[in-house]
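start-v6.txt (compact mmCIF, C-alpha atoms) appears below.
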```txt
# COMPACT_ATOMS: atom_id res chain seq x y z
CA MET U 1 14.59 17.10 -22.06
CA ASN U 2 12.39 14.22 -20.95
CA GLU U 3 8.82 15.46 -21.37
CA ASP U 4 7.48 12.44 -19.46
CA THR U 5 9.48 13.54 -16.42
CA ILE U 6 8.12 17.08 -16.70
CA ARG U 7 4.54 15.79 -16.92
CA ALA U 8 5.09 13.50 -13.92
CA LEU U 9 6.54 16.32 -11.80
CA ARG U 10 3.73 18.65 -12.86
CA ARG U 11 1.26 16.24 -11.22
CA VAL U 12 3.00 16.63 -7.84
CA PRO U 13 0.78 19.07 -5.86
CA LEU U 14 3.86 20.94 -4.65
CA PHE U 15 4.83 21.78 -8.21
CA THR U 16 1.46 22.55 -9.78
CA GLU U 17 1.94 26.32 -9.77
CA LEU U 18 5.68 26.42 -10.45
CA PRO U 19 6.81 28.26 -13.59
CA ASP U 20 7.88 26.06 -16.49
CA ARG U 21 11.52 27.17 -16.21
CA VAL U 22 11.71 25.88 -12.62
CA LEU U 23 10.00 22.62 -13.48
CA ARG U 24 12.36 22.02 -16.38
CA HIS U 25 15.39 22.46 -14.17
CA LEU U 26 13.89 19.99 -11.67
CA ALA U 27 13.30 17.52 -14.50
CA GLU U 28 16.93 17.82 -15.62
CA VAL U 29 18.20 16.39 -12.30
CA ALA U 30 15.31 14.03 -11.41
CA VAL U 31 16.04 10.29 -11.61
CA ARG U 32 13.23 7.79 -12.20
CA ARG U 33 13.23 4.79 -9.83
CA GLU U 34 10.96 1.78 -9.45
CA TYR U 35 10.31 -0.40 -6.37
CA PRO U 36 8.24 -3.58 -5.95
CA PRO U 37 5.75 -3.92 -3.07
CA GLY U 38 7.47 -4.40 0.27
CA GLU U 39 10.82 -2.94 -0.75
CA ILE U 40 12.43 -0.32 1.49
CA VAL U 41 13.09 2.96 -0.32
CA ILE U 42 15.01 4.74 2.45
CA LEU U 43 15.94 3.68 5.96
CA GLU U 44 15.58 5.74 9.12
CA GLY U 45 18.91 7.07 10.40
CA GLU U 46 20.85 6.66 7.16
CA PRO U 47 22.37 9.69 5.40
CA CYS U 48 19.84 11.66 3.34
CA ARG U 49 20.97 11.48 -0.27
CA ALA U 50 17.85 12.54 -2.18
CA VAL U 51 14.32 13.88 -1.94
CA TYR U 52 11.52 11.85 -3.52
CA PHE U 53 8.28 12.48 -5.37
CA ILE U 54 5.77 9.72 -6.07
CA ALA U 55 4.55 9.33 -9.65
CA GLN U 56 2.63 6.06 -9.22
CA GLY U 57 1.78 3.75 -6.34
CA GLU U 58 1.60 4.04 -2.57
CA ALA U 59 4.15 4.07 0.23
CA ARG U 60 4.09 4.20 4.00
CA VAL U 61 6.36 6.38 6.11
CA PHE U 62 7.09 5.03 9.58
CA ARG U 63 9.49 5.06 12.52
CA THR U 64 10.58 2.05 14.56
CA ALA U 65 10.99 1.95 18.36
CA PRO U 66 13.90 0.06 19.99
CA ASP U 67 11.50 -2.79 20.83
CA GLY U 68 10.56 -3.13 17.14
CA ARG U 69 7.15 -1.47 17.42
CA GLU U 70 6.30 0.70 14.43
CA GLN U 71 4.46 4.01 14.24
CA VAL U 72 3.13 4.97 10.83
CA LEU U 73 3.52 8.70 10.28
CA VAL U 74 1.69 8.93 6.97
CA ARG U 75 0.68 6.95 3.89
CA LEU U 76 1.50 8.62 0.58
CA GLY U 77 0.08 8.15 -2.89
CA PRO U 78 0.68 9.66 -6.33
CA GLY U 79 1.88 13.24 -5.99
CA GLY U 80 3.20 12.69 -2.47
CA ALA U 81 6.66 13.87 -1.45
CA PHE U 82 9.02 12.69 1.25
CA ASN U 83 12.51 13.39 2.63
CA THR U 84 12.23 17.09 1.85
CA VAL U 85 13.14 18.19 5.41
CA PRO U 86 16.48 16.42 6.20
CA PRO U 87 18.48 18.28 3.50
CA PHE U 88 18.04 21.48 5.52
CA LEU U 89 19.20 20.01 8.85
CA PRO U 90 22.84 19.81 10.04
CA GLU U 91 22.78 16.04 10.65
CA GLY U 92 21.24 15.34 7.25
CA VAL U 93 19.82 11.88 8.02
CA ASN U 94 16.55 10.26 7.02
CA HIS U 95 13.94 10.88 9.71
CA ALA U 96 11.89 7.78 8.89
CA THR U 97 11.78 4.58 6.89
CA VAL U 98 9.74 4.52 3.68
CA GLN U 99 8.41 1.25 2.26
CA ALA U 100 6.57 0.59 -0.98
CA LEU U 101 3.04 -0.73 -0.41
CA THR U 102 2.33 -1.25 -4.11
CA PRO U 103 4.52 -1.12 -7.22
CA LEU U 104 6.07 2.30 -6.81
CA ILE U 105 7.49 4.77 -9.33
CA LEU U 106 9.44 7.68 -7.87
CA TYR U 107 11.45 10.63 -9.09
CA ALA U 108 14.49 11.23 -6.88
CA ILE U 109 16.39 14.52 -6.84
CA PRO U 110 19.90 14.35 -5.31
CA VAL U 111 20.32 16.61 -2.29
CA PRO U 112 23.05 18.86 -3.80
CA ASP U 113 20.88 19.58 -6.85
CA PHE U 114 17.80 20.08 -4.69
CA LEU U 115 19.52 22.63 -2.43
CA ARG U 116 21.00 24.47 -5.40
CA LEU U 117 17.59 24.83 -7.04
CA VAL U 118 15.99 26.01 -3.79
CA GLU U 119 18.63 28.76 -3.59
CA GLU U 120 18.18 29.73 -7.23
CA TYR U 121 14.38 29.82 -7.34
CA PRO U 122 12.35 31.60 -4.61
CA GLU U 123 9.19 30.05 -6.07
CA LEU U 124 10.46 26.59 -5.15
CA ALA U 125 11.46 27.74 -1.65
CA ARG U 126 7.98 29.18 -1.13
CA VAL U 127 6.11 25.99 -2.00
CA LEU U 128 8.46 23.98 0.22
CA LEU U 129 7.71 26.29 3.17
CA GLN U 130 4.00 25.76 2.58
CA ASP U 131 4.57 22.01 2.53
CA PHE U 132 6.60 22.17 5.76
CA ALA U 133 3.70 24.01 7.42
CA VAL U 134 1.26 21.27 6.40
CA ARG U 135 3.64 18.59 7.68
CA LEU U 136 4.08 20.39 11.00
CA ASP U 137 0.31 20.62 11.41
CA HIS U 138 -0.06 16.89 10.67
CA LEU U 139 2.66 15.89 13.12
CA THR U 140 1.26 18.20 15.82
CA ASN U 141 -2.11 16.46 15.48
CA LEU U 142 -0.38 13.08 15.58
CA VAL U 143 1.45 13.94 18.80
CA GLU U 144 -1.80 15.18 20.35
CA ASN U 145 -3.57 11.98 19.33
CA LEU U 146 -0.86 9.72 20.77
CA SER U 147 -0.30 11.64 23.99
CA LEU U 148 -3.82 12.73 24.94
CA ARG U 149 -6.06 9.94 23.68
CA THR U 150 -6.40 6.38 24.95
CA VAL U 151 -5.99 3.36 22.69
CA ARG U 152 -9.79 3.00 22.73
CA GLY U 153 -10.18 6.57 21.55
CA ARG U 154 -7.49 6.27 18.88
CA LEU U 155 -8.92 3.01 17.57
CA ALA U 156 -12.46 4.38 17.49
CA ARG U 157 -11.30 7.43 15.55
CA PHE U 158 -9.31 5.26 13.12
CA LEU U 159 -12.34 3.02 12.42
CA LEU U 160 -14.59 6.02 11.84
CA GLU U 161 -12.09 7.59 9.45
CA GLN U 162 -11.61 4.35 7.49
CA ALA U 163 -15.28 3.39 7.22
CA GLU U 164 -17.07 3.73 3.90
CA GLU U 165 -20.70 4.06 4.95
CA GLU U 166 -20.72 1.58 7.85
CA THR U 167 -17.99 -0.82 6.72
CA VAL U 168 -14.21 -0.72 6.99
CA SER U 169 -13.75 -2.31 3.59
CA ARG U 170 -9.95 -2.33 3.39
CA ARG U 171 -8.42 -5.50 4.81
CA TRP U 172 -6.39 -4.03 7.64
CA THR U 173 -4.50 -6.54 9.75
CA GLN U 174 -4.36 -5.92 13.49
CA GLU U 175 -0.62 -5.34 13.16
CA GLU U 176 -1.21 -2.66 10.50
CA ILE U 177 -3.84 -0.96 12.65
CA ALA U 178 -1.46 -1.03 15.63
CA ALA U 179 1.22 0.73 13.56
CA GLN U 180 -1.29 3.36 12.49
CA ILE U 181 -2.52 4.23 15.99
CA GLY U 182 0.67 3.76 17.99
CA THR U 183 0.08 0.59 19.99
CA VAL U 184 0.67 -3.18 19.76
CA ARG U 185 -1.33 -5.87 17.95
CA ASP U 186 -2.58 -7.57 21.12
CA MET U 187 -4.04 -4.30 22.39
CA VAL U 188 -5.84 -3.76 19.08
CA GLY U 189 -7.29 -7.27 19.27
CA ARG U 190 -8.51 -6.81 22.85
CA THR U 191 -10.03 -3.42 22.11
CA LEU U 192 -11.81 -4.67 18.99
CA ARG U 193 -13.30 -7.51 21.01
CA ALA U 194 -14.37 -5.04 23.70
CA PHE U 195 -16.07 -2.88 21.08
CA ALA U 196 -17.78 -5.96 19.64
CA ASP U 197 -18.98 -7.05 23.11
CA ALA U 198 -20.38 -3.55 23.64
CA GLY U 199 -22.33 -3.75 20.37
CA LEU U 200 -20.32 -1.02 18.66
CA LEU U 201 -19.15 -3.18 15.77
CA ARG U 202 -19.19 -6.65 14.28
CA MET U 203 -16.02 -8.38 13.09
CA GLU U 204 -16.33 -10.46 9.96
CA ARG U 205 -13.63 -12.41 8.18
CA HIS U 206 -12.43 -9.67 5.85
CA ARG U 207 -14.07 -6.54 7.20
CA ILE U 208 -15.30 -4.66 10.24
CA VAL U 209 -18.93 -3.49 10.27
CA LEU U 210 -19.76 -0.46 12.41
CA LEU U 211 -23.03 -1.00 14.29
CA ASP U 212 -23.10 2.06 16.54
CA ARG U 213 -21.41 5.08 15.00
CA ALA U 214 -22.57 7.38 17.79
CA GLY U 215 -21.05 5.07 20.37
CA LEU U 216 -17.73 4.99 18.50
CA GLU U 217 -17.79 8.78 18.20
CA ALA U 218 -18.22 8.97 21.98
CA GLU U 219 -15.21 6.64 22.39
CA ALA U 220 -13.19 8.82 20.00
CA ARG U 221 -14.01 11.88 22.12
CA GLY U 222 -13.04 10.02 25.28
CA ALA U 223 -16.64 9.98 26.49
CA GLY U 224 -17.18 6.24 26.14
```

Can the structure from this file be put into structure tokens for me?
Amino acid sequence: MNEDTIRALRRVPLFTELPDRVLRHLAEVAVRREYPPGEIVILEGEPCRAVYFIAQGEARVFRTAPDGREQVLVRLGPGGAFNTVPPFLPEGVNHATVQALTPLILYAIPVPDFLRLVEEYPELARVLLQDFAVRLDHLTNLVENLSLRTVRGRLARFLLEQAEEETVSRRWTQEEIAAQIGTVRDMVGRTLRAFADAGLLRMERHRIVLLDRAGLEAEARGAG
């Protein structure tokens, strides 16, 4: 038995409370895989062959529209899991594309082994149901955000969520922001300039400085 695999799986939040016997059976069928930054792990629409658990690194999960526009569903870090839903659906295809953002180490469990273990161990089925509930809540909020909020409101909320104190320190490109909030790069650029003209923020070379948090909060509420 690979004790390193057991320790890595134990760090996955889903598995924290699982009994040792369940975790050991998961470790027996888990396969360690590594991906460099930018590499695609799974592709939307292809057959689902495995479920994945992140040991190290970060990945983004996104869907692509026919016109090529991307919508990021979630960013995952160590302990994150993806592709746990398709094995239970009749079509059994990947719902989204997953791409490594940094050097990525995953543990993949083939679908047949995964389904067998879910049937054998109610404890595993229970934690998966809890995870599905969290995912449903996240996607419900995402749909609400995309359908009921304007681009101005979505961008304002994104900036507020990303700001550390008054600065968005991470170097987000306009294309990356567009994928996060469900719009196109040009719209992000125009809205950022509008916010800057209104005195809500200042754009510097590698960061965005928030000047009027209350004003951005009003935009996020749709009251701007």

Go through U:Ala220, U:Val74, U:Val41, U:Leu201 and flag the residue nearest Leu142 of chain U, using all atoms listed in the file for the distances.
U:Val74

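The spacing separating atom CA of Val93 of chain U from atom CA of Pro37 of chain U amounts to 23.9 Å.
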
By how many Å are atom CA of Asp20 of chain U and atom CA of Ile105 of chain U apart?
22.5 Å

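Among the candidates U:Arg135, U:Arg170, U:Arg185, U:Arg202, the one nearest to Val151 of chain U when counting only C-alpha atoms is U:Arg185.
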
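Compared by their closest atoms to Ala50 of chain U, and using all atoms listed in the file, the residues U:Leu192, U:Ala108, U:Leu9, U:Val72 rank with U:Ala108 nearest.
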
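Between atom CA of Val127 of chain U and atom CA of Phe15 of chain U the separation is 7.6 Å.
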
If you count all atoms listed in the file, which residues fall within 10 Å of Val22 of chain U, apart from same-chain ones fewer than 3 positions away, as a short mmCIF file (atom, residue, chain, number, x, y, z; two decimals) with C-alpha atoms, in the coordinates of the input?
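Saved result, out_27.cif, follows:
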```cif
data_model
loop_
_atom_site.label_atom_id
_atom_site.label_comp_id
_atom_site.auth_asym_id
_atom_site.auth_seq_id
_atom_site.Cartn_x
_atom_site.Cartn_y
_atom_site.Cartn_z
CA PHE U 15 4.83 21.78 -8.21
CA LEU U 18 5.68 26.42 -10.45
CA PRO U 19 6.81 28.26 -13.59
CA HIS U 25 15.39 22.46 -14.17
CA LEU U 26 13.89 19.99 -11.67
CA ALA U 27 13.30 17.52 -14.50
CA LEU U 117 17.59 24.83 -7.04
CA VAL U 118 15.99 26.01 -3.79
CA GLU U 120 18.18 29.73 -7.23
CA TYR U 121 14.38 29.82 -7.34
CA PRO U 122 12.35 31.60 -4.61
CA GLU U 123 9.19 30.05 -6.07
CA LEU U 124 10.46 26.59 -5.15
#
```

Selection near Leu146 of chain U, 12 Å with all atoms listed in the file, sequence-local residues under 2 positions removed, as a compact mmCIF listing (two decimals) with C-alpha atoms, in the coordinates of the input:
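Saved the output as part_25.txt:
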```
# COMPACT_ATOMS: atom_id res chain seq x y z
CA GLN U 71 4.46 4.01 14.24
CA VAL U 72 3.13 4.97 10.83
CA LEU U 73 3.52 8.70 10.28
CA LEU U 139 2.66 15.89 13.12
CA THR U 140 1.26 18.20 15.82
CA ASN U 141 -2.11 16.46 15.48
CA LEU U 142 -0.38 13.08 15.58
CA VAL U 143 1.45 13.94 18.80
CA GLU U 144 -1.80 15.18 20.35
CA LEU U 148 -3.82 12.73 24.94
CA ARG U 149 -6.06 9.94 23.68
CA THR U 150 -6.40 6.38 24.95
CA VAL U 151 -5.99 3.36 22.69
CA ARG U 152 -9.79 3.00 22.73
CA GLY U 153 -10.18 6.57 21.55
CA ARG U 154 -7.49 6.27 18.88
CA LEU U 155 -8.92 3.01 17.57
CA ARG U 157 -11.30 7.43 15.55
CA ALA U 178 -1.46 -1.03 15.63
CA ALA U 179 1.22 0.73 13.56
CA GLN U 180 -1.29 3.36 12.49
CA ILE U 181 -2.52 4.23 15.99
CA GLY U 182 0.67 3.76 17.99
CA THR U 183 0.08 0.59 19.99
```

Would you mind telling me which residue in U:Val85, U:Glu28, U:Val168, U:Glu46 lies nearest to Ala125 of chain U when using all atoms listed in the file?
U:Val85

So that I can see what lies close to segment 52-66 of chain U, please list as a PyMOL selection string the residues with an atom at most 8 Å from it, counting only C-alpha atoms and leaving out residues fewer than 4 positions away in the same chain.
chain U and resi 8-9+11-12+44+70-84+95-109

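Near Glu91 of chain U, within 10 Å and counting all atoms listed in the file, sit Gly45, Pro47, Cys48, Pro86, Pro87, Phe88, Leu89, Val93 and Asn94 of chain U; same-chain residues fewer than 2 positions away were not included.
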
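You can rank U:Leu129, U:Val29, U:Leu211, U:Met203 by their closest distance to Arg171 of chain U using all atoms listed in the file, and at the top of that list sits U:Met203.
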
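Proximity ranking of U:Ile177, U:Leu23, U:Ala214, U:Val31 relative to Arg69 of chain U places U:Ile177 first, based on all atoms listed in the file.
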